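Data block below; observations after.
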Amino acid sequence: MTPRSAWLVRCGEGGECATGPGLPAPRPPPGPSGSAGGARCPPRPPRDPARRNGPPPAPPAPRPFHSSLPRSHRTYSCVRCRAHLARHEELISKSFQGSRGHAYLFNSVVNVGCGPAEQRLLLTGLPSVANIFCQSCKTTPGWKYEQAFESSQKYKEGKFIIEVSHMVKENGWD
């Protein structure tokens with residue numbers, strides 16, 4: 001007789017378990033409700049025939065940027081993936097406050113997507129803004145001003161805020 005510590009547990013494709021050298025699993029005694037169930041294992045994930053004996057799959061190719069700014073221009077890039085975000089010439093102001101610290105106001109940006117617009121309470125009022133996200137790594141570096149309701153804030157409409165902690169300076173900064 002094989003000692004219990006040497007028995008193997010093997011799960012079949014349907015989730016039925018067998019223990020020992022080819023023996024079916026013993027059924028547990030009936031429970032308080034009178035049901036007697038066999039030992040069941042969670043179902044196995046399907047096997048990938050391509051990985052059976054071959055090498056591991058290659059890592060995914062890096063995602064290309066949608067827009068690449070010229071190397072001759074000073075640029076601001078995503079701190080996480082280094083995708084270009086804006087040219088220095090598009091900078092309007094460095095005196096803005098983001099949710100996590102200092103932020104810059106830009107006239108236009110590249111390689112970002114825009115989320116849905118919402119009204120958000122900011123230091124200067126309650127404008128309608130939409131979060132922007134890096135199209136390469138999906139981080140949220142800032143937001144876009146969709147609509148300002150105060151006349152003194154109308155100049156921000158259509159402009160972009162990017163927090164300093166989410167960008168790095170590249171190309172020709174001395």
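Every chain in the structure tokens takes a letter, A first, then B, and so on in the order presented; its residues are numbered from 1, and the ligands are numbered from 1 following the presented order.
Shell of Gln147 in chain A at 6 Å, with only C-alpha atoms counted and residues fewer than 2 places along the chain excluded, is Pro127, Ser128, Tyr145 and Glu157 of chain A.
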Kindly export the residues of the current selection with C-alpha atoms, as a PDB file, in the first residue's frame.
ATOM      1  CA  PRO A 127     -15.237  75.710 -15.179  1.00  0.00           C
ATOM      2  CA  SER A 128     -16.117  72.783 -17.413  1.00  0.00           C
ATOM      3  CA  TYR A 145     -10.526  73.790 -20.220  1.00  0.00           C
ATOM      4  CA  GLU A 157     -11.111  77.910 -23.065  1.00  0.00           C
TER       5      GLU A 157
END
**OP:** Find the residues around Ser165 in chain A up to 9 Å (only C-alpha atoms counted), leave out those fewer than 5 positions away in its own chain, and share them as number ranges by chain.
**Re:** A: 79, 100-103, 141
Subject >> Contacts of Val109 in chain A at 12 Å (only C-alpha atoms; same-chain gap of 6+ positions) as a PyMOL selection string >> reply: chain A and resi 66-69+75-78+83-92+132-135+141-144+158-162
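For Gln153 in chain A, the residues within 9 Å (counting only C-alpha atoms, excluding itself and residues fewer than 3 positions away along the chain) are Thr124, Gly125, Pro127, Ala148, Phe149, Glu150, Lys156 and Glu157 of chain A.
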Once you have the residues from the selection above, write them out as a PDB file, in the first residue's frame, restricted to C-alpha atoms.
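Saved result, selection16.pdb, follows:
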ATOM      1  CA  THR A 124     -10.541  80.264 -10.066  1.00  0.00           C
ATOM      2  CA  GLY A 125     -14.145  79.092 -10.189  1.00  0.00           C
ATOM      3  CA  PRO A 127     -15.237  75.710 -15.179  1.00  0.00           C
ATOM      4  CA  ALA A 148     -15.230  78.994 -18.505  1.00  0.00           C
ATOM      5  CA  PHE A 149     -18.309  80.712 -17.114  1.00  0.00           C
ATOM      6  CA  GLU A 150     -16.557  83.791 -15.679  1.00  0.00           C
ATOM      7  CA  LYS A 156      -8.441  79.492 -20.841  1.00  0.00           C
ATOM      8  CA  GLU A 157     -11.111  77.910 -23.065  1.00  0.00           C
TER       9      GLU A 157
END
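Take the candidates A:Arg80, A:Arg74, A:Ser93, A:Lys154 and check each one against Leu105 in chain A using only C-alpha atoms; the shortest distance goes to A:Ser93.
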**OP:** Write out as an NGL selection string all residues of range 65-126 of chain A that DSSP puts in strand (DSSP E or B) for this structure's backbone.
**Re:** :A and (75-78 or 84-87 or 91-98 or 101-106 or 112-119 or 122 or 125)
Write out the residues from the selection above, keeping C-alpha atoms, as a JSON list (two decimals), in the first residue's frame.
[["chain", "number", "residue", "atom", "x", "y", "z"],
["A", 75, "THR", "CA", 9.78, 69.91, -25.84],
["A", 76, "TYR", "CA", 7.90, 68.69, -22.80],
["A", 77, "SER", "CA", 7.40, 64.90, -22.64],
["A", 78, "CYS", "CA", 5.47, 62.43, -20.50],
["A", 84, "HIS", "CA", 6.04, 64.21, -26.61],
["A", 85, "LEU", "CA", 3.32, 66.38, -25.04],
["A", 86, "ALA", "CA", 4.03, 69.98, -26.09],
["A", 87, "ARG", "CA", 6.54, 72.36, -27.64],
["A", 91, "LEU", "CA", 3.61, 77.49, -23.33],
["A", 92, "ILE", "CA", 1.36, 80.34, -22.17],
["A", 93, "SER", "CA", 2.00, 80.45, -18.43],
["A", 94, "LYS", "CA", 3.95, 78.67, -15.70],
["A", 95, "SER", "CA", 1.90, 80.12, -12.83],
["A", 96, "PHE", "CA", -0.86, 77.54, -12.51],
["A", 97, "GLN", "CA", -1.74, 75.13, -9.73],
["A", 98, "GLY", "CA", -2.65, 71.53, -10.49],
["A", 101, "GLY", "CA", 1.41, 70.92, -7.42],
["A", 102, "HIS", "CA", 2.66, 73.38, -10.03],
["A", 103, "ALA", "CA", 1.25, 73.21, -13.54],
["A", 104, "TYR", "CA", 1.75, 74.91, -16.91],
["A", 105, "LEU", "CA", -0.88, 76.27, -19.31],
["A", 106, "PHE", "CA", -0.35, 75.32, -22.97],
["A", 112, "VAL", "CA", -3.16, 63.09, -25.60],
["A", 113, "GLY", "CA", -6.76, 61.94, -25.52],
["A", 114, "CYS", "CA", -9.62, 63.76, -23.89],
["A", 115, "GLY", "CA", -12.12, 62.36, -21.41],
["A", 116, "PRO", "CA", -15.67, 63.56, -20.83],
["A", 117, "ALA", "CA", -16.21, 67.16, -19.75],
["A", 118, "GLU", "CA", -17.33, 67.85, -16.18],
["A", 119, "GLN", "CA", -17.68, 70.86, -13.96],
["A", 122, "LEU", "CA", -10.92, 74.95, -9.02],
["A", 125, "GLY", "CA", -14.14, 79.09, -10.19]]
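Going from CA of Thr139 in chain A to CA of Ser108 in chain A covers 18.0 Å.
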